[in-house]
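Have a look at query_5.txt; it's compact mmCIF, C-alpha atoms and all ligand atoms:
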# COMPACT_ATOMS: atom_id res chain seq x y z
CA MET A 1 0.00 0.00 0.00
CA PHE A 2 2.84 2.42 0.84
CA GLY A 3 5.39 3.65 -1.66
CA ASN A 4 7.90 6.30 -0.66
CA LEU A 5 5.41 7.99 1.62
CA PRO A 6 4.12 6.54 4.92
CA LEU A 7 0.59 7.75 4.11
CA ALA A 8 -2.04 6.49 1.69
CA LEU A 9 -5.68 7.31 1.01
CA ASP A 10 -8.16 4.50 0.32
CA ILE A 11 -11.21 5.75 -1.58
CA THR A 12 -12.77 2.36 -2.37
CA ASN A 13 -15.89 3.08 -0.30
CA LEU A 14 -16.55 6.28 -2.23
CA ARG A 15 -17.40 4.27 -5.34
CA PRO A 16 -21.20 4.13 -4.91
CA PHE A 17 -21.27 7.87 -4.16
CA VAL A 18 -18.55 9.57 -6.22
CA SER A 19 -17.27 8.26 -9.52
CA ARG A 20 -13.69 8.61 -10.73
CA GLU A 21 -15.04 10.85 -13.52
CA GLU A 22 -16.59 13.20 -10.98
CA LEU A 23 -13.25 13.48 -9.23
CA THR A 24 -11.41 14.01 -12.49
CA ARG A 25 -13.86 16.78 -13.38
CA ARG A 26 -12.65 18.69 -10.31
CA GLU A 27 -8.99 18.40 -11.33
CA ALA A 28 -8.81 21.79 -13.07
CA ALA A 29 -10.50 23.62 -10.19
CA VAL A 30 -8.18 21.97 -7.67
CA ALA A 31 -5.15 22.79 -9.83
CA PHE A 32 -6.28 26.43 -10.00
CA CYS A 33 -6.54 26.65 -6.19
CA ASP A 34 -3.22 24.85 -5.83
CA ARG A 35 -1.51 27.36 -8.13
CA GLN A 36 -3.02 30.28 -6.23
CA LEU A 37 -1.75 28.79 -3.00
CA LYS A 38 1.77 28.22 -4.29
CA GLU A 39 2.02 31.55 -6.05
CA GLY A 40 0.82 33.34 -2.91
CA VAL A 41 -2.16 34.99 -4.57
CA CYS A 42 -5.02 33.19 -2.83
CA ALA A 43 -7.18 34.63 -0.03
CA GLY A 44 -5.10 34.72 3.14
CA SER A 45 -1.88 34.13 1.22
CA ALA A 46 0.13 35.90 3.94
CA PHE A 47 -0.41 32.77 6.07
CA THR A 48 0.95 29.97 3.93
CA GLY A 49 4.36 29.50 5.59
CA TRP A 50 3.36 25.95 6.65
CA LEU A 51 3.45 24.90 2.95
CA ARG A 52 7.24 24.60 3.14
CA PRO A 53 7.94 22.54 6.29
CA ASP A 54 11.73 22.89 5.93
CA SER A 55 11.49 26.67 6.23
CA ILE A 56 9.13 26.88 9.21
CA LEU A 57 12.02 26.96 11.69
CA GLY A 58 14.83 29.45 11.40
CA PRO A 59 18.51 28.42 11.20
CA GLY A 60 19.52 26.47 14.32
CA GLU A 61 16.01 26.76 15.80
CA ALA A 62 15.39 22.99 15.91
CA ASP A 63 18.56 22.56 18.00
CA LYS A 64 17.52 25.37 20.32
CA ILE A 65 14.08 23.84 20.79
CA ARG A 66 15.61 20.43 21.54
CA GLU A 67 18.16 21.88 23.96
CA LYS A 68 15.53 23.85 25.84
CA ALA A 69 13.15 20.88 25.92
CA ASP A 70 15.96 18.65 27.29
CA PHE A 71 16.77 21.23 29.94
CA LEU A 72 13.13 21.49 30.99
CA ARG A 73 12.68 17.72 30.98
CA ASN A 74 15.81 17.10 33.05
CA ASN A 75 14.82 19.69 35.63
CA SER A 76 11.10 19.12 36.10
CA ASP A 77 8.53 16.41 36.75
CA VAL A 78 5.94 17.81 34.46
CA LEU A 79 5.50 20.38 31.66
CA LEU A 80 2.42 22.57 31.91
CA VAL A 81 1.44 23.81 28.45
CA ILE A 82 -0.81 26.86 28.54
CA GLY A 83 -2.57 27.63 25.27
CA ILE A 84 -5.85 27.27 23.39
CA GLY A 85 -6.96 26.23 19.89
CA GLY A 86 -4.04 26.13 17.50
CA SER A 87 -1.72 26.96 20.36
CA TYR A 88 -2.25 23.58 22.03
CA LEU A 89 -4.24 21.03 20.03
CA GLY A 90 -1.48 19.99 17.62
CA ALA A 91 1.01 19.42 20.43
CA ARG A 92 -1.54 17.47 22.43
CA GLY A 93 -2.46 15.45 19.33
CA VAL A 94 1.04 14.21 18.56
CA ILE A 95 2.02 13.76 22.21
CA GLU A 96 -1.00 11.64 23.09
CA ALA A 97 -0.63 9.60 19.91
CA LEU A 98 3.10 8.98 20.05
CA SER A 99 4.75 9.70 23.39
CA ASP A 100 5.63 6.97 25.88
CA SER A 101 5.24 9.50 28.69
CA PRO A 102 2.22 11.66 27.77
CA GLU A 103 1.37 12.06 31.46
CA ARG A 104 4.42 14.31 31.82
CA VAL A 105 2.72 17.00 29.76
CA VAL A 106 -0.45 18.62 31.13
CA PHE A 107 -2.58 21.37 29.66
CA ALA A 108 -4.33 24.51 30.88
CA GLY A 109 -5.52 27.74 29.32
CA HIS A 110 -7.88 25.90 26.95
CA ASN A 111 -10.93 26.55 29.14
CA ILE A 112 -12.10 28.96 31.85
CA SER A 113 -13.21 26.23 34.24
CA ALA A 114 -12.39 27.00 37.88
CA SER A 115 -12.98 23.37 38.78
CA TYR A 116 -10.57 22.12 36.08
CA MET A 117 -7.89 24.57 37.15
CA ALA A 118 -8.32 23.93 40.87
CA LYS A 119 -8.03 20.17 40.35
CA LEU A 120 -4.98 20.60 38.15
CA LYS A 121 -3.35 22.87 40.71
CA LYS A 122 -3.90 20.22 43.36
CA ARG A 123 -2.46 17.55 41.06
CA LEU A 124 0.65 19.65 40.49
CA ASP A 125 1.13 20.24 44.20
CA GLY A 126 4.60 19.10 45.28
CA LYS A 127 5.72 18.55 41.66
CA LYS A 128 8.51 20.43 39.96
CA VAL A 129 6.68 22.21 37.15
CA ALA A 130 8.08 23.61 33.92
CA LEU A 131 5.80 25.91 31.95
CA ASN A 132 5.40 26.68 28.27
CA VAL A 133 2.87 29.43 27.64
CA ILE A 134 1.86 29.66 23.99
CA SER A 135 -0.14 32.43 22.34
CA LYS A 136 0.50 33.97 18.96
CA SER A 137 -1.49 37.11 19.67
CA GLY A 138 -0.35 37.13 23.27
CA THR A 139 -3.71 38.55 24.31
CA THR A 140 -6.06 35.57 24.38
CA THR A 141 -8.14 35.59 27.56
CA GLU A 142 -8.09 31.88 28.44
CA PRO A 143 -4.30 31.37 28.46
CA ALA A 144 -3.77 34.80 30.05
CA VAL A 145 -6.05 33.85 32.96
CA ALA A 146 -4.30 30.47 33.30
CA LEU A 147 -0.91 32.15 33.34
CA ARG A 148 -2.03 34.30 36.29
CA ILE A 149 -3.33 31.19 38.08
CA PHE A 150 -0.40 28.84 37.40
CA GLY A 151 2.52 31.21 36.81
CA ASP A 152 3.71 31.22 40.40
CA LEU A 153 4.08 27.42 40.46
CA VAL A 154 7.36 27.94 38.63
CA LYS A 155 9.98 29.33 40.92
CA ASP A 156 12.96 29.04 38.60
CA ARG A 157 12.52 31.38 35.60
CA ARG A 158 14.70 29.10 33.48
CA LEU A 159 11.84 26.58 33.61
CA MET A 160 9.41 29.01 32.02
CA VAL A 161 9.27 29.51 28.25
CA ALA A 162 6.98 31.73 26.18
CA THR A 163 6.08 30.96 22.56
CA THR A 164 4.61 34.05 20.97
CA ASP A 165 5.00 36.79 18.38
CA ARG A 166 8.62 37.76 17.80
CA LYS A 167 8.06 41.49 18.30
CA LYS A 168 4.78 42.42 19.96
CA GLY A 169 1.89 41.52 22.24
CA ALA A 170 1.23 41.29 25.96
CA LEU A 171 2.89 37.88 26.27
CA HIS A 172 5.95 39.11 24.40
CA ASP A 173 6.20 42.06 26.82
CA TYR A 174 5.58 39.84 29.85
CA ALA A 175 8.34 37.43 28.78
CA ALA A 176 10.72 40.31 28.16
CA SER A 177 9.99 41.82 31.57
CA LEU A 178 10.84 38.53 33.29
CA GLY A 179 13.76 37.73 30.99
CA LEU A 180 12.18 34.43 29.89
CA ASP A 181 13.43 32.33 27.02
CA THR A 182 11.11 32.74 24.07
CA PHE A 183 10.35 31.00 20.80
CA ALA A 184 8.58 32.68 17.92
CA VAL A 185 5.31 31.77 16.27
CA PRO A 186 6.11 32.47 12.60
CA GLU A 187 4.34 35.54 11.28
CA ASP A 188 3.25 33.75 8.12
CA ILE A 189 1.56 30.84 9.91
CA GLY A 190 -1.82 31.00 11.67
CA GLY A 191 -2.46 29.17 14.94
CA ARG A 192 -4.14 26.03 13.60
CA TYR A 193 -1.42 25.48 10.97
CA SER A 194 1.42 26.02 13.46
CA VAL A 195 2.02 22.58 14.97
CA LEU A 196 5.34 22.12 13.13
CA SER A 197 6.72 25.38 14.54
CA ALA A 198 7.98 25.84 18.12
CA VAL A 199 4.27 25.93 19.10
CA GLY A 200 4.00 22.14 18.72
CA LEU A 201 7.62 21.12 18.63
CA LEU A 202 8.78 22.29 22.07
CA PRO A 203 6.09 20.36 23.98
CA ALA A 204 6.60 17.40 21.61
CA ALA A 205 10.36 17.40 22.25
CA TYR A 206 9.73 17.57 26.02
CA ALA A 207 7.53 14.47 25.63
CA GLY A 208 10.48 12.66 24.04
CA LEU A 209 9.40 12.88 20.40
CA ASP A 210 11.85 13.16 17.52
CA ILE A 211 10.96 16.61 16.18
CA ASN A 212 13.34 16.33 13.24
CA ALA A 213 11.44 13.28 12.06
CA LEU A 214 8.14 15.15 12.36
CA THR A 215 9.48 17.92 10.12
CA ARG A 216 11.09 15.40 7.77
CA GLY A 217 7.79 13.51 7.39
CA ALA A 218 6.00 16.74 6.51
CA SER A 219 8.74 17.73 4.12
CA GLU A 220 8.68 14.37 2.34
CA ALA A 221 4.90 14.63 2.07
CA SER A 222 5.10 18.13 0.61
CA GLN A 223 7.67 17.10 -1.99
CA ALA A 224 5.87 13.89 -2.96
CA MET A 225 2.40 15.39 -3.11
CA GLU A 226 3.42 18.59 -4.85
CA ASN A 227 5.05 16.60 -7.63
CA ALA A 228 2.41 13.89 -8.00
CA PRO A 229 -0.24 13.76 -10.70
CA PHE A 230 -3.72 14.62 -9.45
CA GLU A 231 -4.97 11.03 -9.41
CA SER A 232 -2.20 9.79 -7.12
CA ASP A 233 -2.03 12.75 -4.73
CA PRO A 234 -3.96 11.96 -1.52
CA SER A 235 -4.28 15.65 -0.57
CA ARG A 236 -5.82 16.80 -3.84
CA ILE A 237 -8.08 13.74 -4.11
CA TYR A 238 -9.28 14.15 -0.51
CA ALA A 239 -10.06 17.84 -1.13
CA ALA A 240 -11.83 17.06 -4.41
CA ALA A 241 -13.84 14.19 -2.92
CA ARG A 242 -15.01 16.30 0.03
CA HIS A 243 -16.02 19.07 -2.35
CA VAL A 244 -18.03 16.76 -4.61
CA LEU A 245 -19.70 15.16 -1.59
CA PHE A 246 -20.55 18.54 -0.09
CA LEU A 247 -22.23 19.59 -3.32
CA LYS A 248 -24.30 16.39 -3.09
CA GLY A 249 -25.55 17.34 0.39
CA PHE A 250 -23.04 15.52 2.58
CA ASP A 251 -22.33 18.41 4.91
CA THR A 252 -21.03 16.66 8.03
CA GLU A 253 -17.75 14.79 8.12
CA ILE A 254 -16.81 12.40 10.89
CA LEU A 255 -13.15 11.64 11.48
CA SER A 256 -13.29 8.15 12.96
CA VAL A 257 -10.38 6.51 14.75
CA PHE A 258 -9.97 3.11 16.35
CA GLU A 259 -7.26 4.18 18.82
CA PRO A 260 -8.08 6.31 21.89
CA GLY A 261 -4.59 7.79 21.55
CA LEU A 262 -5.77 9.51 18.35
CA PHE A 263 -8.55 11.43 20.12
CA TYR A 264 -6.61 14.70 20.18
CA MET A 265 -5.39 14.37 16.59
CA ALA A 266 -9.10 14.32 15.73
CA GLU A 267 -9.63 17.40 17.92
CA TRP A 268 -6.79 19.15 16.06
CA TRP A 269 -8.35 18.14 12.74
CA LYS A 270 -11.75 19.46 13.82
CA GLN A 271 -10.31 22.86 14.60
CA LEU A 272 -8.27 22.92 11.40
CA TYR A 273 -11.24 22.16 9.17
CA GLY A 274 -13.96 23.89 11.18
CA GLU A 275 -12.14 27.20 11.48
CA SER A 276 -10.78 27.11 7.95
CA GLU A 277 -13.96 26.20 6.08
CA GLY A 278 -16.88 27.18 8.27
CA LYS A 279 -17.65 30.73 7.17
CA GLU A 280 -19.81 32.73 4.77
CA GLY A 281 -22.67 30.28 5.30
CA THR A 282 -20.78 27.30 3.93
CA GLY A 283 -18.45 24.49 5.03
CA ILE A 284 -18.57 20.85 6.08
CA PHE A 285 -19.20 20.45 9.82
CA PRO A 286 -16.32 18.41 11.27
CA ALA A 287 -17.11 15.84 13.96
CA SER A 288 -15.19 12.90 15.35
CA CYS A 289 -15.75 9.46 16.83
CA THR A 290 -13.50 7.07 18.71
CA PHE A 291 -14.38 3.49 17.85
CA SER A 292 -15.22 0.89 18.82
CA THR A 293 -16.36 2.85 21.92
CA ASP A 294 -18.61 5.19 19.94
CA LEU A 295 -20.04 2.39 17.80
CA HIS A 296 -22.08 1.69 20.93
CA SER A 297 -23.29 5.27 21.20
CA MET A 298 -23.06 7.09 17.87
CA GLY A 299 -23.04 3.96 15.70
CA GLN A 300 -26.83 3.78 15.44
CA TYR A 301 -27.11 7.33 14.07
CA ILE A 302 -24.25 6.87 11.66
CA GLN A 303 -25.76 3.66 10.31
CA GLN A 304 -29.38 4.75 9.99
CA GLY A 305 -29.87 8.41 10.94
CA ARG A 306 -30.28 11.37 8.59
CA ARG A 307 -28.19 10.75 5.46
CA ARG A 308 -25.85 13.70 5.28
CA LEU A 309 -22.71 12.15 6.79
CA LEU A 310 -19.41 11.42 5.17
CA GLU A 311 -16.68 9.70 7.13
CA THR A 312 -12.92 9.49 7.05
CA PHE A 313 -11.19 6.78 9.03
CA LEU A 314 -7.68 7.36 10.28
CA MET A 315 -5.89 4.03 10.65
CA ILE A 316 -2.35 3.11 11.57
CA GLY A 317 -0.88 0.18 9.67
CA GLU A 318 1.31 -1.46 12.22
CA GLY A 319 -0.10 -2.60 15.57
CA SER A 320 1.95 -1.32 18.45
CA ALA A 321 1.16 -3.74 21.28
CA ASP A 322 1.71 -7.49 21.25
CA LEU A 323 -1.43 -8.56 23.10
CA ALA A 324 -3.43 -11.70 22.35
CA VAL A 325 -6.72 -13.05 23.73
CA PRO A 326 -6.05 -15.88 26.23
CA ARG A 327 -7.66 -19.35 25.81
CA SER A 328 -10.07 -20.52 28.49
CA GLU A 329 -10.42 -24.21 29.41
CA ASP A 330 -14.21 -24.29 29.69
CA ASP A 331 -15.07 -21.53 27.15
CA THR A 332 -18.18 -20.58 29.13
CA ASP A 333 -18.18 -17.15 27.50
CA GLY A 334 -17.88 -18.68 24.03
CA MET A 335 -14.89 -16.49 23.24
CA ASN A 336 -12.41 -19.23 22.39
CA TYR A 337 -12.96 -18.53 18.71
CA LEU A 338 -10.79 -15.50 19.34
CA ALA A 339 -8.21 -17.27 21.54
CA GLY A 340 -4.67 -16.60 20.38
CA LYS A 341 -5.76 -13.75 18.11
CA GLN A 342 -4.05 -10.39 18.49
CA VAL A 343 -6.31 -7.68 19.96
CA ASP A 344 -4.96 -5.44 17.23
CA PHE A 345 -6.24 -7.87 14.60
CA ILE A 346 -9.69 -7.87 16.19
CA ASN A 347 -9.68 -4.06 16.18
CA ARG A 348 -8.67 -4.09 12.51
CA MET A 349 -11.56 -6.41 11.67
CA ALA A 350 -13.88 -4.04 13.57
CA TYR A 351 -12.63 -1.24 11.27
CA GLU A 352 -13.13 -3.34 8.10
CA ALA A 353 -16.64 -4.25 9.23
CA THR A 354 -17.52 -0.66 10.14
CA ALA A 355 -16.27 0.85 6.89
CA LYS A 356 -18.33 -1.65 4.91
CA ALA A 357 -21.45 -1.33 7.06
CA HIS A 358 -21.37 2.47 6.94
CA ALA A 359 -20.94 2.47 3.16
CA ASP A 360 -23.88 0.02 2.88
CA GLY A 361 -25.88 2.37 5.10
CA GLY A 362 -25.28 5.38 2.82
CA VAL A 363 -22.20 6.94 4.43
CA PRO A 364 -19.49 7.54 1.84
CA ASN A 365 -16.16 6.86 3.47
CA MET A 366 -12.44 7.07 2.89
CA THR A 367 -9.51 5.90 4.98
CA VAL A 368 -6.24 7.66 5.61
CA PHE A 369 -3.70 4.93 6.35
CA LEU A 370 -0.45 5.67 8.13
CA GLU A 371 2.37 3.18 7.88
CA LYS A 372 3.40 3.41 11.54
CA ALA A 373 2.69 5.28 14.75
CA ASP A 374 5.88 7.29 14.44
CA GLU A 375 6.97 10.87 13.99
CA ARG A 376 7.71 10.62 10.28
CA SER A 377 4.21 9.29 9.52
CA PHE A 378 2.58 11.94 11.71
CA GLY A 379 4.60 14.70 10.06
CA ALA A 380 3.26 13.49 6.72
CA LEU A 381 -0.26 13.33 8.15
CA ILE A 382 -0.13 16.89 9.45
CA TRP A 383 1.03 18.28 6.12
CA PHE A 384 -1.52 16.19 4.20
CA TYR A 385 -4.39 17.51 6.31
CA GLU A 386 -3.17 21.11 6.18
CA LYS A 387 -2.73 21.07 2.41
CA ALA A 388 -6.08 19.38 1.76
CA CYS A 389 -7.74 21.84 4.15
CA ALA A 390 -6.34 24.88 2.38
CA LEU A 391 -7.46 23.47 -0.98
CA SER A 392 -10.91 22.59 0.38
CA GLY A 393 -11.45 26.11 1.69
CA LEU A 394 -10.30 27.70 -1.55
CA LEU A 395 -12.52 25.32 -3.55
CA SER A 396 -15.54 26.57 -1.65
CA GLY A 397 -14.50 30.17 -2.16
CA VAL A 398 -13.52 31.10 1.40
CA ASN A 399 -10.31 32.28 3.03
CA PRO A 400 -9.01 29.15 4.79
CA PHE A 401 -6.60 31.14 6.97
CA ASP A 402 -8.79 33.57 8.89
CA GLN A 403 -11.37 33.08 11.65
CA PRO A 404 -13.47 36.26 11.86
CA GLY A 405 -16.37 34.43 13.52
CA VAL A 406 -14.33 33.65 16.62
CA GLU A 407 -14.53 37.33 17.63
CA ALA A 408 -18.31 37.37 18.10
CA TYR A 409 -18.48 35.80 21.57
CA LYS A 410 -15.36 37.68 22.65
CA LYS A 411 -16.96 41.07 22.03
CA TYR A 412 -19.92 40.26 24.31
CA MET A 413 -17.68 38.57 26.88
CA PHE A 414 -15.38 41.60 27.08
CA ARG A 415 -18.38 43.91 27.47
CA LEU A 416 -19.84 41.71 30.21
CA LEU A 417 -16.46 41.51 31.93
CA ARG A 418 -16.00 45.28 31.59
CA LYS A 419 -12.72 45.05 29.74
CA PRO A 420 -11.31 48.57 29.22
CA GLY A 421 -12.14 49.83 25.75
CA TYR A 422 -15.45 47.91 25.51
CA GLU A 423 -18.84 49.41 26.25
CA PRO A 424 -20.03 47.80 29.50
CA MET A 425 -23.10 45.58 29.30
CA GLU A 426 -25.13 43.58 31.86
CA PRO A 427 -26.16 39.95 31.44
CA ASP A 428 -29.72 40.04 30.03
CA ARG A 429 -31.78 38.60 32.90
CA SER A 430 -35.13 40.18 32.02
CA GLY A 431 -37.75 38.88 29.62
CA ARG A 432 -36.12 35.47 29.28
CA ASP A 433 -38.10 32.40 28.29
CA ILE A 434 -37.30 30.07 31.16
CA ILE A 435 -39.16 26.79 31.51
CA SER A 436 -39.08 25.54 35.08
CA LEU A 437 -41.32 23.98 37.74
O1 LIG B 1 -6.13 29.00 14.58
C1 LIG B 1 -6.18 30.03 15.26
O2 LIG B 1 -5.71 31.09 14.86
C2 LIG B 1 -6.82 30.04 16.62
O3 LIG B 1 -7.38 28.84 16.97
C3 LIG B 1 -5.78 30.38 17.68
O4 LIG B 1 -4.79 29.42 17.63
C4 LIG B 1 -6.37 30.44 19.06
O5 LIG B 1 -7.48 31.29 19.08
C5 LIG B 1 -5.35 30.92 20.07
O6 LIG B 1 -4.84 32.14 19.69
P1 LIG B 1 -3.48 32.69 20.27
O7 LIG B 1 -2.38 31.75 19.89
O8 LIG B 1 -3.32 34.03 19.67
O9 LIG B 1 -3.65 32.74 21.77
Rewrite the coordinates I just gave you, this time as C-alpha cells.
Amino acid sequence: MFGNLPLALDITNLRPFVSREELTRREAAVAFCDRQLKEGVCAGSAFTGWLRPDSILGPGEADKIREKADFLRNNSDVLLVIGIGGSYLGARGVIEALSDSPERVVFAGHNISASYMAKLKKRLDGKKVALNVISKSGTTTEPAVALRIFGDLVKDRRLMVATTDRKKGALHDYAASLGLDTFAVPEDIGGRYSVLSAVGLLPAAYAGLDINALTRGASEASQAMENAPFESDPSRIYAAARHVLFLKGFDTEILSVFEPGLFYMAEWWKQLYGESEGKEGTGIFPASCTFSTDLHSMGQYIQQGRRRLLETFLMIGEGSADLAVPRSEDDTDGMNYLAGKQVDFINRMAYEATAKAHADGGVPNMTVFLEKADERSFGALIWFYEKACALSGLLSGVNPFDQPGVEAYKKYMFRLLRKPGYEPMEPDRSGRDIISL
C-alpha cells in the first residue's frame, strides 16, 4: 500500500457515491486553487508559511528547541502547556498519539473552568513544574487567565518559556519583563497550521518525540504530493472528494479513529477544518468518533440516521502492542474462537466491518492509512491535512486562513467583563423564556 510515503488514502468506499469521472472533473478547479496557493495569490496568502515545512524553523532553531526541551525535561517532573486552539491542540495530538510518557505534559488555558484549574493545581502540588505558555497574539483571555493562576508554580525562571510573536503583544512584553526564554510563532503561519513550529515542537520534544522526524515527514509529504499527478495525490483527491460530496448534500464529516490515543489528533483536525472552512454560510461540519467505543453510542445514528454524513477513518498500519486473547479451558463465554488472536487484529476487523457497514448504510467513506505510529508518519499526516484543508477552503471560495467568527463571543464577553475599551453591558436577565417547575 505504501510507496515512498508513509501515508495512503483509500477511496474504495466512495465508489457508490462519487465516480472517478466526478473526481477528475474537479482536477482543473483543484489545480487552479493549488496554483493560487503556491504563487501566494489566494485569499489569506500571507499565512501559507506551513506549505514549506523545511522553512518553518529558522537556522539552528530545531537545535535550540531540543536543547531547551531537554533542559526542561531534566529539571522538572511535568510540563504545563498553557494555550488554546491552534496553540495547544497539535502538540496534544502528537504527544497523546506517540509519546511513551504523555502524562508528563499537562494542559491549561484551553478553558475557563475553575474546577478544572483547581483540580490541576492540586495535582501539580509538590511537583517540579516547567511551563510553556503559547499564544501567537499574546492577548487571548483563556491562556492569560491560566498564566495568572499557574505562573507562580514555577519558581525558577529558566523553567518558564513563552512561545509568541517575535516582536509584539502582551505575552511578548511579559516574557521580556521577566527575561524568559522565548520562541517565535512564525508571522506567516496561523495558529491552527502552526504545529510544526515551536508551538508544537517544544512540547513534543519535552515528551520525548523526535521533532526532526516530524518535520522530515512533513517535508517528504510536501515534496511527494506537490510533484504527484492529481490522481495519485492523496491531498488533492481528498479535497476534491469532500467538495463533490458537499455539493451532493453531505455536509457533516466524521473523522473516525480506532485508537483512543488519536482522540486529540481528531480534535486538532476538527479545529483545522472547522475554522478554515466554516464561514460565509458554507463548510462541512467536522465531527469525530472514537471506535469501537462510539459504535455503541453514535453507531446507530451513523448507520441509519439522517443521510448527510461522510466519514474518514484514520488508521495506523502497524499494531503497536503485542497482546493476544487468552484461551479458556471451559469456554463458558464462548470467546475461544478469538483465543490466540491479536487484539490489534480484532480491532482491525472491527474497522473493516464498520467501513463496509457504513458504506452500505449510505455513508461515503475514505480511509487515511499511516504506515506506523511514528513521527515521520505523523509529520506526513499533518502536512496532508493542512494542504487538503487549504485546498478545500479555496474550492468553496472562502479564506481558509482567517477566523473572523471567533470574535463574536469575545466582544460580548469583554463587554460583560468590563474590559477597558469595551462598552459595559449587563447579562440580560429580564424577559427570558425560562421553563421551570
Ligand atoms: O487558529 C487560530 O488562529 C486560533 O485557533 C488560535 O490558535 C487560538 O485562538 C489561540 O490564539 P493565540 O495563539 O493568539 O492565543
Collect all residues with atoms no farther than 8 Å from ligand LIG 1 (chain B), counting only C-alpha atoms and all ligand atoms, and output them as a PDB file with C-alpha atoms, in the frame of the given file.
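Written file, result_26.pdb:
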ATOM      1  CA  GLY A  83      -2.570  27.630  25.270  1.00  0.00           C
ATOM      2  CA  ILE A  84      -5.850  27.270  23.390  1.00  0.00           C
ATOM      3  CA  GLY A  85      -6.960  26.230  19.890  1.00  0.00           C
ATOM      4  CA  GLY A  86      -4.040  26.130  17.500  1.00  0.00           C
ATOM      5  CA  SER A  87      -1.720  26.960  20.360  1.00  0.00           C
ATOM      6  CA  TYR A  88      -2.250  23.580  22.030  1.00  0.00           C
ATOM      7  CA  ILE A 134       1.860  29.660  23.990  1.00  0.00           C
ATOM      8  CA  SER A 135      -0.140  32.430  22.340  1.00  0.00           C
ATOM      9  CA  LYS A 136       0.500  33.970  18.960  1.00  0.00           C
ATOM     10  CA  SER A 137      -1.490  37.110  19.670  1.00  0.00           C
ATOM     11  CA  GLY A 138      -0.350  37.130  23.270  1.00  0.00           C
ATOM     12  CA  THR A 139      -3.710  38.550  24.310  1.00  0.00           C
ATOM     13  CA  THR A 140      -6.060  35.570  24.380  1.00  0.00           C
ATOM     14  CA  THR A 141      -8.140  35.590  27.560  1.00  0.00           C
ATOM     15  CA  PRO A 143      -4.300  31.370  28.460  1.00  0.00           C
ATOM     16  CA  THR A 164       4.610  34.050  20.970  1.00  0.00           C
ATOM     17  CA  GLY A 190      -1.820  31.000  11.670  1.00  0.00           C
ATOM     18  CA  GLY A 191      -2.460  29.170  14.940  1.00  0.00           C
ATOM     19  CA  ARG A 192      -4.140  26.030  13.600  1.00  0.00           C
ATOM     20  CA  TYR A 193      -1.420  25.480  10.970  1.00  0.00           C
ATOM     21  CA  GLN A 271     -10.310  22.860  14.600  1.00  0.00           C
ATOM     22  CA  LEU A 272      -8.270  22.920  11.400  1.00  0.00           C
ATOM     23  CA  GLU A 275     -12.140  27.200  11.480  1.00  0.00           C
ATOM     24  CA  PHE A 401      -6.600  31.140   6.970  1.00  0.00           C
ATOM     25  CA  ASP A 402      -8.790  33.570   8.890  1.00  0.00           C
ATOM     26  CA  GLN A 403     -11.370  33.080  11.650  1.00  0.00           C
ATOM     27  CA  VAL A 406     -14.330  33.650  16.620  1.00  0.00           C
TER      28      VAL A 406
END
Just give me the gap between CA of Ala324 in chain A and CA of Phe378 in chain A in Å, one decimal is fine.
->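 Separation of CA of Ala324 in chain A and CA of Phe378 in chain A: 26.6 Å.
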All residues 8 Å or closer to Glu142 in chain A, all atoms listed in the file, same chain fewer than 2 positions away omitted, as number ranges by chain | A: 83-84, 109-112, 140, 144-146
Give me, as CSV, the closest atom pair and its distance (Å, one decimal) for every residue of range 178-282 of chain A within a cut-off of 9 Å of range 11-26 of chain A, counting only C-alpha atoms, rows sorted by chain and rising number.
residue,atom,partner,partner_atom,distance
A:Phe230,CA,A:Thr24,CA,8.3
A:Glu231,CA,A:Thr24,CA,7.7
A:Ile237,CA,A:Leu23,CA,7.3
A:Tyr238,CA,A:Ile11,CA,8.7
A:Ala240,CA,A:Leu23,CA,6.2
A:Ala241,CA,A:Leu23,CA,6.4
A:His243,CA,A:Arg26,CA,8.7
A:Val244,CA,A:Val18,CA,7.4
A:Leu245,CA,A:Val18,CA,7.3
Please work out which residues fall within 12 Å of (-9.0, 23.5, 11.4), coordinates as given in the file, with all atoms listed in the file counting, and return them as a PyMOL selection string.
-> chain A and resi 85-86+89-90+190-195+265-278+283-287+382+385-390+392-393+400-403
What separation in Å, quoted to one decimal, exists between CA of Leu338 in chain A and CA of His296 in chain A?
->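 Rounded to one decimal, the two atoms are 20.6 Å apart.
With distances taken over all atoms listed in the file, A:Ile65 is the one residue among A:Cys33, A:Ile65, A:Val41, A:Leu124 lying closest to Gly200 in chain A.
Interatomic distance, CA of Val106 in chain A to CA of Leu262 in chain A: 16.6 Å.
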Could you check which of A:Leu171, A:Phe183, A:Asp294, A:Pro326 is closest to Val257 in chain A, using all atoms listed in the file?
->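 Closest to Val257 in chain A of all the choices is A:Asp294.
Of the listed residues (A:Lys127, A:Lys372, A:Lys122, A:Arg166), A:Lys372 comes nearest to Ala97 in chain A; the distances count all atoms listed in the file.
When only C-alpha atoms are used to compute distances to Ser377 in chain A, the closest of the residues A:Ile254, A:Met315, A:Val199, A:Leu51 turns out to be A:Met315.
Distances to Tyr264 in chain A were evaluated for A:Ala62, A:Val94, A:Leu37, A:Arg307 using only C-alpha atoms, and the minimum falls at A:Val94.
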Dump as CSV the rows for residues of range 365-402 of chain A within 9 Å of range 205-210 of chain A: closest atom pair and distance in Å with one decimal, all atoms listed in the file counted, ordered by chain and rising residue number.
residue,atom,partner,partner_atom,distance
A:Asp374,CA,A:Leu209,CA,8.9
A:Glu375,CA,A:Asp210,CA,6.4
A:Arg376,CA,A:Asp210,CA,8.7
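Among the candidates A:Pro203, A:Gly126, A:Leu80, A:His358, the one nearest to Tyr301 in chain A when counting only C-alpha atoms is A:His358.
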Mind running range 154-268 of chain A against range 347-355 of chain A at 10 Å and telling me each contacting residue's nearest atom pair with the distance in Å (one decimal), counting only C-alpha atoms, chain and number ascending, as JSON lines?
{"residue": "A:Ser256", "atom": "CA", "partner": "A:Tyr351", "partner_atom": "CA", "distance": 9.6}
{"residue": "A:Val257", "atom": "CA", "partner": "A:Tyr351", "partner_atom": "CA", "distance": 8.8}
{"residue": "A:Phe258", "atom": "CA", "partner": "A:Asn347", "partner_atom": "CA", "distance": 7.2}
{"residue": "A:Glu259", "atom": "CA", "partner": "A:Asn347", "partner_atom": "CA", "distance": 9.0}
Axis-aligned box over every listed atom of range 87-103 of chain A, padded by 4 Å per side: centre and edges in Å to one decimal, as lines of an AutoDock Vina configuration file?
center_x = 0.7
center_y = 17.0
center_z = 24.5
size_x = 17.9
size_y = 28.0
size_z = 21.8
